[in-house]
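Here is the structure we will look at, set down as C-alpha cells.
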Amino acid sequence: MKNLFLPLFLLVLFTGCKNTYSDIELNTNPYDEAYEGPKVARIGSCRTIPVTIGSSTVPQTEVHVFPTTDLYQQLKLYRNGVHIKTMNRHSYAPVNPSETIMDEHPVTGITYSYEVSLTSDQSETQLSDAYDHLTQL
C-alpha cells in the first residue's frame, strides 16, 4: 500500500497545480478596456492665447500633450469630462515628442480640467490625468 501512495500523491499534486499560471495574460494593449498599465498620454502644460476676431479679443487654450506611442489615429481633448475636440493624424509616422490641441471656446476667469486620450481603429485609451488651467487673458 505504501508503494502505491507516493505515486498517487505526486499525481494528484501535479495534476492540481498544472493550471496555476496558464490562464494569466499580461495585457499590454492600451486600447483594451481591461488595460491597467501606465497612462499613454499626459498633458504637460496649458496656456491661454489671445485671439483677435474682428474687433474683439477672445481666449483660446493651447494644450500640450505628450503621447508615449506613435500608434494612434486621433487625439481627443476633454474639458471637465466632456469630449470637446478631436485632432486627426494622417499617418503613423513618428511625431514630435508633443502634440498641441486647442480649446477654442474657453471663458476668461474659469478654471477648466483638461484630459486627453488616444484612439486607434475605433478603440480609445484611458483618459490622461487631469490638468487644471485657469483661463486668463
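Within each chain, counting starts at residue 1; across the C-alpha cells, chains are named A, B, ... in the order shown, with ligands numbered 1 upward in that order.
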
Residues of segment 13-83 of chain A within 8 Å of segment 107-131 of chain A: nearest atom pair and distance (Å, one decimal) for each, counting only C-alpha atoms, sorted by chain and number, as a tab-separated table?
residue	atom	partner	partner_atom	distance
A:Pro30	CA	A:Thr125	CA	5.6
A:Tyr31	CA	A:Thr125	CA	4.8
A:Asp32	CA	A:Thr125	CA	7.4
A:Glu33	CA	A:Thr125	CA	7.7
A:Lys39	CA	A:Ser128	CA	6.0
A:Val40	CA	A:Ser128	CA	7.4
A:Ala41	CA	A:Ser128	CA	5.7
A:Arg42	CA	A:Ser128	CA	5.3
A:Ile43	CA	A:Tyr131	CA	6.6
A:Ser45	CA	A:Tyr131	CA	7.9
A:Pro59	CA	A:Thr108	CA	6.8
A:Val65	CA	A:Val116	CA	7.7
A:Leu71	CA	A:Ser120	CA	7.3
A:Tyr72	CA	A:Ser120	CA	4.9
A:Gln73	CA	A:Ser120	CA	5.2
A:Gln74	CA	A:Thr119	CA	5.1
A:Leu75	CA	A:Leu118	CA	4.8
A:Lys76	CA	A:Ser117	CA	5.3
A:Leu77	CA	A:Val116	CA	4.7
A:Tyr78	CA	A:Glu115	CA	5.0
A:Arg79	CA	A:Tyr114	CA	4.7
A:Asn80	CA	A:Ser113	CA	4.9
A:Gly81	CA	A:Glu115	CA	7.4

Store the residues of this selection in a file with N, CA and C atoms, as a short mmCIF file (atom, residue, chain, number, x, y, z; two decimals), in the first residue's frame.
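Wrote out.cif, looks like this:
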data_model
loop_
_atom_site.label_atom_id
_atom_site.label_comp_id
_atom_site.auth_asym_id
_atom_site.auth_seq_id
_atom_site.Cartn_x
_atom_site.Cartn_y
_atom_site.Cartn_z
N PRO A 30 -2.90 49.27 -24.72
CA PRO A 30 -3.58 50.38 -24.05
C PRO A 30 -4.96 50.70 -24.63
N TYR A 31 -5.31 50.08 -25.77
CA TYR A 31 -6.63 50.30 -26.37
C TYR A 31 -7.65 49.27 -25.89
N ASP A 32 -7.22 48.33 -25.06
CA ASP A 32 -8.12 47.32 -24.50
C ASP A 32 -8.74 47.89 -23.22
N GLU A 33 -10.06 47.71 -23.06
CA GLU A 33 -10.75 48.26 -21.90
C GLU A 33 -10.22 47.70 -20.58
N LYS A 39 -0.54 55.37 -18.02
CA LYS A 39 -1.26 56.21 -18.98
C LYS A 39 -0.39 56.39 -20.23
N VAL A 40 -1.03 56.43 -21.41
CA VAL A 40 -0.27 56.53 -22.65
C VAL A 40 -0.17 57.95 -23.17
N ALA A 41 -0.81 58.88 -22.49
CA ALA A 41 -0.68 60.30 -22.86
C ALA A 41 -0.78 61.13 -21.58
N ARG A 42 -0.07 62.24 -21.58
CA ARG A 42 -0.15 63.15 -20.44
C ARG A 42 -0.14 64.58 -20.96
N ILE A 43 -0.76 65.46 -20.20
CA ILE A 43 -0.75 66.88 -20.53
C ILE A 43 0.41 67.51 -19.78
N SER A 45 1.44 70.90 -20.26
CA SER A 45 1.16 72.30 -19.91
C SER A 45 -0.02 72.81 -20.72
N PRO A 59 -10.20 84.38 -25.71
CA PRO A 59 -9.14 83.44 -25.32
C PRO A 59 -9.28 82.10 -26.03
N VAL A 65 0.32 68.09 -25.29
CA VAL A 65 0.13 66.68 -24.95
C VAL A 65 1.39 65.90 -25.30
N LEU A 71 1.47 55.11 -32.25
CA LEU A 71 0.43 54.27 -32.85
C LEU A 71 -0.96 54.74 -32.46
N TYR A 72 -1.33 55.89 -32.97
CA TYR A 72 -2.70 56.38 -32.77
C TYR A 72 -3.14 57.17 -33.98
N GLN A 73 -4.46 57.23 -34.17
CA GLN A 73 -5.03 57.95 -35.31
C GLN A 73 -5.62 59.29 -34.91
N GLN A 74 -6.05 59.39 -33.67
CA GLN A 74 -6.68 60.64 -33.21
C GLN A 74 -6.24 60.95 -31.79
N LEU A 75 -6.26 62.24 -31.50
CA LEU A 75 -6.05 62.73 -30.15
C LEU A 75 -7.34 63.42 -29.75
N LYS A 76 -7.93 63.01 -28.61
CA LYS A 76 -9.19 63.59 -28.16
C LYS A 76 -8.95 64.45 -26.94
N LEU A 77 -9.58 65.63 -26.93
CA LEU A 77 -9.48 66.56 -25.81
C LEU A 77 -10.80 66.59 -25.06
N TYR A 78 -10.71 66.49 -23.75
CA TYR A 78 -11.88 66.55 -22.87
C TYR A 78 -11.72 67.75 -21.94
N ARG A 79 -12.81 68.50 -21.75
CA ARG A 79 -12.84 69.63 -20.82
C ARG A 79 -13.91 69.32 -19.79
N ASN A 80 -13.52 69.27 -18.53
CA ASN A 80 -14.43 68.94 -17.44
C ASN A 80 -15.19 67.65 -17.71
N GLY A 81 -14.49 66.66 -18.28
CA GLY A 81 -15.07 65.34 -18.52
C GLY A 81 -15.88 65.20 -19.79
#

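Of note, atom CA of Met102 of chain A and atom CA of Pro38 of chain A are spaced 24.7 Å apart.
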
From a DSSP pass on the backbone, collect the residues of segment 36-121 of chain A flagged as strand (DSSP E) and hand them back as an MDAnalysis selection string. chainID A and resid 41:53 56:67 74:79 82:88 99:103 111:120
